[in-house]
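Below is one structure; the comments refer to it alone.
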Amino acid sequence: MADLRVNIAGLDLVNPVLTASGTFGYGIEYQDFIDLSQLGGVIVKGTTLQPREGNPYPRMAETAQGMLNCVGLQNKGVDYFCEHIYPQIKDIKTNMIVNVSGNSPEDYAECARRIDELDCIPAIELNISCPNVKHGGMAFGTTPEGAASVVKAVREAYKKTLIVKLSPNVSSITDIALAVQDAGADAVSLINTLMGMAIDIEKRKRVLSIGTGGLSGPAVKPVALRMVYQVARAVQIPVIGLGGISNAKDAIEFLLAGASAIEIGTANFLDPAISVKVAQGINEYLDKHGFASVKDIVGICE
Amino acid sequence: MKKYVLDLRVTSVECLGDRFLLLVTTNPDGPLPEMAPGQFAQLRIDDSKDTFLRRPISLHSFDRDKNEVSFLVQKAGKGTASLWEKRPGSTLNVILPLGNGFTMPESPSQRILLVGGGVGIAPLLFMGAEMQRMGARPAFLLGARSKSDLLRLDAYRACGDVYLTTEDGSEGEKGFVTQHSVLQNEKFDRIAVCGPKPMMLAMASYAKSQNIPCEVSLENMMACGLGACLCCVEDTTEGNVCVCKEGPVFDIERLKW
C-alpha cells in the first residue's frame with residue numbers, strides 16, 4: 001500500500017481524489033454508494049450570497065463523450081447553506097469544501113466571510129469560471145485583472161485555504177493562474193467547463209435554454225490535461241486537475257502532468273462509486289511501479 | 001430508500017412490435033431491494049459511441065418471490081435502441097430505486113384510476129400490482145394511437161379493470177383518455193397519470209375541474225438521477241426542483257400547470 005496522502009496548501013487529504021462541484025450535490029446524495037471518508041475531499045455545489053433559481057429547463061444536452069449543462073448556479077444562498085445544509089454535512093469525515101460564486105468582488109468576499117465562520121469547512125473553491133451566468137462567474141475569470149480583483153477581495157475576508165477554479169475559455173490560462181497566485185490564492189483548480197452549444201435539427205433551435213452551456217466529460221480531457229501541464233510549470237502553488245477524469249489512468253495522467261490532486265466530476269453520473277475506485281486504482285499503479293508515495297509522481301512527466 | 005448500483009442479469013427479452021421491448025431481469029447477487037411504484041432506474045448503456053449518459057427508465061414490475069424487476073422500454077433514440085442488443089444472460093447495470101413514487105391508496109376500498117398513454121403505461125402495472133397486493137382493485141385507463149400500440153393488456157387485466165381508448169378507434173373507445181365514458185360512469189378518489197405531456201396536462205385539468213387529487217409522472221431529461229446535478233428541474237410552486245429526486249411523481253398542485 002503506497003502512501004496516498006497529500007497536502008494542498010495546509011489541507012491534509014487522505015488521498016488525492018476529490019469530487020467536483022456541481023456533480024456531487026452536497027456529498028449526501030452519494031452516501032448510499034461510497035464512504036465519503038475514503039475521499040480526499042468533497043467540493044459541494046456552487047454557493048452564492050443570495051439565493052439563485054438558476055436557468056430555465058432544458059439545462060442539459062448529451063454530446064459525444066460528454067455533456068453540456070447550463071444549470072446557472074442554482075442554490076438557496078449562503079445563509080440557507082449555513083443554517084440547513086452545514087449541520088447535515090459538518091460531521092462527514094473528509095474535507096468538505098464549498099464552491100463560492102458571486103456577481104461582484106464584494107459578493108464573493110461576503111459569501112466567503114460567512115463560510116469562514118464554519119469550523120468544519122477547511123477550504124473554499126472560488127468559482128471565477130462559471131460559463132452559465134450573465135454577471136460575474138466567468139466574466140471575472142477571463143482576464144488577469146478581473147481574476148485578481150476577486151481573489152484579493154476574498155483573500156482579505158477569508159483566512160483558511162483558498163482554492164481558485166480557473167476557466168479554460170481564455171487565451172492564456174497561465175497568465176490567469178499567475179495573477180490569482182499573486183493575489184493570494186493558496187491553490188488553483190482547473191479546468192471548469194468549456195463553453196459549447198448544441199442544436200436540435202428538427203426544431204432548428206439551440207437545445208439549451210440560454211443557448212450555450214459548459215462542456216464536460218471525457219471529451220474535454222486532453223484540453224484539461226494540457227492546461228494543467230502548462231499551469232503546473234508556471235505557478236509555485238499546488239494545482240488541482242480536473243476535466244473529464246473517468247478512471248485511474250486519467251487521474252494518473254493529471255498527476256504526472258503536475259496536479260497534486262484531482263477532481264472527478266461528470267464521471268460520477270455514470271458510476272456513483274467511481275471516485276473511490278480511482279483512489280484504489282492510483283494505489284495499485286503506485287505499488288506496481290514501486291512508488292512509495294503519490295507525491296513521487298506529481299509532475300514527473302517531462 | 002437506500003439506492004444501489006447493481007449488475008442485474010437479463011432473464012427474458014421480448015420485443016413488443018418494433019418499437020417496444022420488455023426486459024425482465026433478476027439480481028444474481030441477492031434479493032432485490034425494496035422498491036415502490038413510480039420509482040425509476042438509471043440503466044447503463046454499454047459500449048455506445050453515440051451516447052454518454054445513463055437512461056432513466058421506470059420500474060414496470062417487481063416480483064419479490066421471483067426476485068425480478070422488469071422494464072418496458074420504447075425505442076426513443078440510440079441509447080434505448082441499444083437495449084435491443086440484450087439477450088437472456090446479458091448484464092444490465094442499473095442504479096435503483098430512484099425518486100419518489102405514486103401515493104398508494106389509504107385503504108383497499110379507495111378507487112384509484114391509473115391513466116397511461118404510450119410507453120407511459122409502464123409504471124402503472126407495478127402500481128396496479130401493489131394495489132392488488134393490498135386488496136385494492138385498480139382501474140386502468142390506457143390510451144394509444146392504435147390497437148397495435150396497446151401493450152401487455154393481459155398483464156393489466158390480471159390486476160384490475162381495464163378501459164381503453166385509441167385515436168383511430170381500432171380498440172376500445174375512439175378518442176383520447178379524457179373522453180372515455182368511465183370518467184362519467186364512475187367516481188374516483190384519486191388519479192395517477194403517466195404519458196405524453198399533452199395527455200397529462202389534459203388529465204390534470206380534468207382532475208382539477210372535478211376536485212380529484214391527481215399525480216403525474218414527469219420525464220425531464222436527466223444526467224445524474226440522484227439530485228446532484230440539477231439538470232432535470234421542473235418549475236414548481238417552490239421554484240426549480242429536481243424531477244429525479246423530488247419526483248418523478250408530482251401532485252399537480254405543486255406544478256405550475
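Residue numbering restarts at 1 for every chain of the C-alpha cells, chains are lettered A, B, ... in their displayed order, and ligands are numbered from 1 as they appear.
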Could you produce a table of the residues of chain B lying within 8 Å of chain A, with the nearest pair of atoms per residue and their separation in Å rounded to one decimal, using only C-alpha atoms, ordered by chain and increasing residue number, as CSV?
```
residue,atom,partner,partner_atom,distance
B:Lys2,CA,A:Asp32,CA,6.1
B:Lys3,CA,A:Asp32,CA,5.9
B:Tyr4,CA,A:Phe33,CA,6.8
B:Val5,CA,A:Phe33,CA,7.5
B:Arg44,CA,A:Leu270,CA,7.4
B:Lys49,CA,A:Ala64,CA,7.3
B:Asp50,CA,A:Ala64,CA,6.1
B:Thr51,CA,A:Ala64,CA,6.5
B:Phe52,CA,A:Gln65,CA,5.6
B:Leu53,CA,A:Leu270,CA,6.4
B:Arg54,CA,A:Leu270,CA,6.4
B:Met221,CA,A:Met60,CA,7.3
B:Met222,CA,A:Met60,CA,7.6
B:Ala223,CA,A:Phe269,CA,6.5
B:Cys224,CA,A:Phe269,CA,4.5
B:Gly225,CA,A:Phe269,CA,7.8
B:Leu226,CA,A:Glu29,CA,6.3
B:Gly227,CA,A:Glu29,CA,6.9
B:Ala228,CA,A:Gly25,CA,4.0
B:Cys229,CA,A:Thr23,CA,5.1
B:Leu230,CA,A:Val71,CA,6.5
B:Cys231,CA,A:Arg59,CA,5.2
B:Cys232,CA,A:Tyr57,CA,7.1
B:Val233,CA,A:Tyr57,CA,6.3
B:Glu234,CA,A:Tyr57,CA,7.1
B:Asp235,CA,A:Pro56,CA,7.9
B:Gly239,CA,A:Glu53,CA,6.9
B:Asn240,CA,A:Glu53,CA,6.5
```
Please dump the current selection as a PDB file, in the first residue's frame; keep C-alpha atoms.
```pdb
ATOM      1  CA  LYS B   2     -31.347   3.247   0.013  1.00  0.00           C
ATOM      2  CA  LYS B   3     -30.075   3.266  -3.565  1.00  0.00           C
ATOM      3  CA  TYR B   4     -27.918   0.573  -5.127  1.00  0.00           C
ATOM      4  CA  VAL B   5     -25.714   0.072  -8.161  1.00  0.00           C
ATOM      5  CA  ARG B  44     -26.192   1.997 -18.171  1.00  0.00           C
ATOM      6  CA  LYS B  49     -20.107   5.597 -29.177  1.00  0.00           C
ATOM      7  CA  ASP B  50     -23.194   7.733 -29.753  1.00  0.00           C
ATOM      8  CA  THR B  51     -24.472   8.132 -26.213  1.00  0.00           C
ATOM      9  CA  PHE B  52     -22.832   9.033 -22.939  1.00  0.00           C
ATOM     10  CA  LEU B  53     -25.269   9.156 -20.037  1.00  0.00           C
ATOM     11  CA  ARG B  54     -27.433   6.506 -18.413  1.00  0.00           C
ATOM     12  CA  MET B 221     -34.036  14.992 -19.365  1.00  0.00           C
ATOM     13  CA  MET B 222     -31.704  13.811 -16.616  1.00  0.00           C
ATOM     14  CA  ALA B 223     -27.982  13.424 -16.120  1.00  0.00           C
ATOM     15  CA  CYS B 224     -27.253  12.041 -12.632  1.00  0.00           C
ATOM     16  CA  GLY B 225     -30.677  10.801 -11.478  1.00  0.00           C
ATOM     17  CA  LEU B 226     -29.593  11.451  -7.879  1.00  0.00           C
ATOM     18  CA  GLY B 227     -30.452  15.117  -7.324  1.00  0.00           C
ATOM     19  CA  ALA B 228     -26.820  16.153  -7.617  1.00  0.00           C
ATOM     20  CA  CYS B 229     -26.507  17.926 -10.988  1.00  0.00           C
ATOM     21  CA  LEU B 230     -29.751  19.967 -11.053  1.00  0.00           C
ATOM     22  CA  CYS B 231     -30.241  19.415 -14.802  1.00  0.00           C
ATOM     23  CA  CYS B 232     -33.758  17.916 -14.818  1.00  0.00           C
ATOM     24  CA  VAL B 233     -35.546  20.683 -12.947  1.00  0.00           C
ATOM     25  CA  GLU B 234     -39.254  21.448 -13.173  1.00  0.00           C
ATOM     26  CA  ASP B 235     -40.543  24.931 -12.337  1.00  0.00           C
ATOM     27  CA  GLY B 239     -39.211  27.118  -7.669  1.00  0.00           C
ATOM     28  CA  ASN B 240     -36.962  24.791  -9.658  1.00  0.00           C
TER      29      ASN B 240
END
```
Worksheet entry | Coordinates-based distance that separates atom CA of Ala177 of chain A from atom CA of Ala279 of chain A (Å, one decimal) |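 Atom CA of Ala177 of chain A lies 26.7 Å from atom CA of Ala279 of chain A.
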Shell of 6 Å around segment 234-249 of chain A, only C-alpha atoms, local chain residues under 4 positions omitted, as a JSON list (two decimals) with C-alpha atoms, in the first residue's frame:
```json
[["chain", "number", "residue", "atom", "x", "y", "z"],
["A", 187, "ALA", "CA", -4.01, 26.72, -4.87],
["A", 188, "VAL", "CA", -5.66, 26.63, -8.28],
["A", 189, "SER", "CA", -8.04, 24.05, -9.69],
["A", 190, "LEU", "CA", -8.59, 23.63, -13.42],
["A", 191, "ILE", "CA", -10.43, 23.33, -15.68],
["A", 217, "GLY", "CA", -16.80, 14.68, -19.66],
["A", 218, "PRO", "CA", -14.08, 12.67, -21.42],
["A", 220, "VAL", "CA", -12.55, 17.75, -22.63],
["A", 221, "LYS", "CA", -9.79, 15.67, -21.01],
["A", 224, "ALA", "CA", -7.66, 19.96, -19.47],
["A", 259, "ALA", "CA", -1.51, 18.12, -10.46],
["A", 260, "SER", "CA", -1.07, 17.49, -6.72],
["A", 261, "ALA", "CA", -4.67, 16.29, -6.51],
["A", 262, "ILE", "CA", -7.53, 15.70, -8.91],
["A", 263, "GLU", "CA", -11.29, 16.18, -9.00],
["A", 264, "ILE", "CA", -13.84, 13.82, -10.51],
["A", 267, "ALA", "CA", -17.94, 10.56, -14.30],
["A", 278, "VAL", "CA", -9.99, 5.90, -8.85],
["A", 281, "GLY", "CA", -6.52, 2.45, -8.93],
["A", 282, "ILE", "CA", -3.92, 5.11, -8.16]]
```
TODO: Write down as a ChimeraX atom specification the residues of segment 131-284 of chain A whose backbone DSSP state falls under alpha helix (DSSP H).
DONE: /A:138-141,144-157,173-182,221-234,248-257,267-270,274-284
Expressed in Å, the length from atom CA of Pro37 of chain B to atom CA of Thr103 of chain B is 8.7 Å
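Within the 6 Å cut-off around Phe188 of chain B, using only C-alpha atoms and omitting residues fewer than 2 positions from it on the same chain, the listed residues are Arg111, Ile112 and Arg190 of chain B.
The space between atom CA of Asp251 of chain B and atom CA of Met127 of chain B spans 16.0 Å.
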inquiry  = Counting only C-alpha atoms, which residue out of B:Cys194, B:Leu255, B:Cys214, B:Leu141 sits closest to Gly172 of chain B?
reply    =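 Of B:Cys194, B:Leu255, B:Cys214, B:Leu141, the one nearest Gly172 of chain B is B:Leu141, counting only C-alpha atoms.
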message: Considering only C-alpha atoms, can you say which of B:Lys66, B:Arg87, B:Arg157, B:Lys208 comes closest to Trp257 of chain B?
response: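 Distance minimum relative to Trp257 of chain B lands on B:Lys208.
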At a cut-off of 6 Å, using only C-alpha atoms, what residues contact Ala2 of chain A? Leave out same-chain residues fewer than 3 positions from it and give the result as a list in words. Asn283, Asp287, Ala292 and Ser293 of chain A
- Task: Find the residues around segment 5-11 of chain A up to 7 Å (only C-alpha atoms counted), leave out those fewer than 3 positions away in its own chain, and share them as a PyMOL selection string.
- Result: chain A and resi 14-16+161+186-187+238+295
Create the file for the chosen residues now, containing C-alpha atoms and written as a tab-separated table (two decimals), in the first residue's frame.
```
chain	number	residue	atom	x	y	z
A	14	VAL	CA	-6.19	11.03	2.76
A	15	ASN	CA	-5.72	10.67	-0.99
A	16	PRO	CA	-5.55	13.00	-3.99
A	161	THR	CA	-7.32	27.53	2.38
A	186	ASP	CA	-3.33	29.09	-1.98
A	187	ALA	CA	-4.01	26.72	-4.87
A	238	PRO	CA	-0.39	23.49	-5.84
A	295	LYS	CA	3.80	12.70	-4.21
```
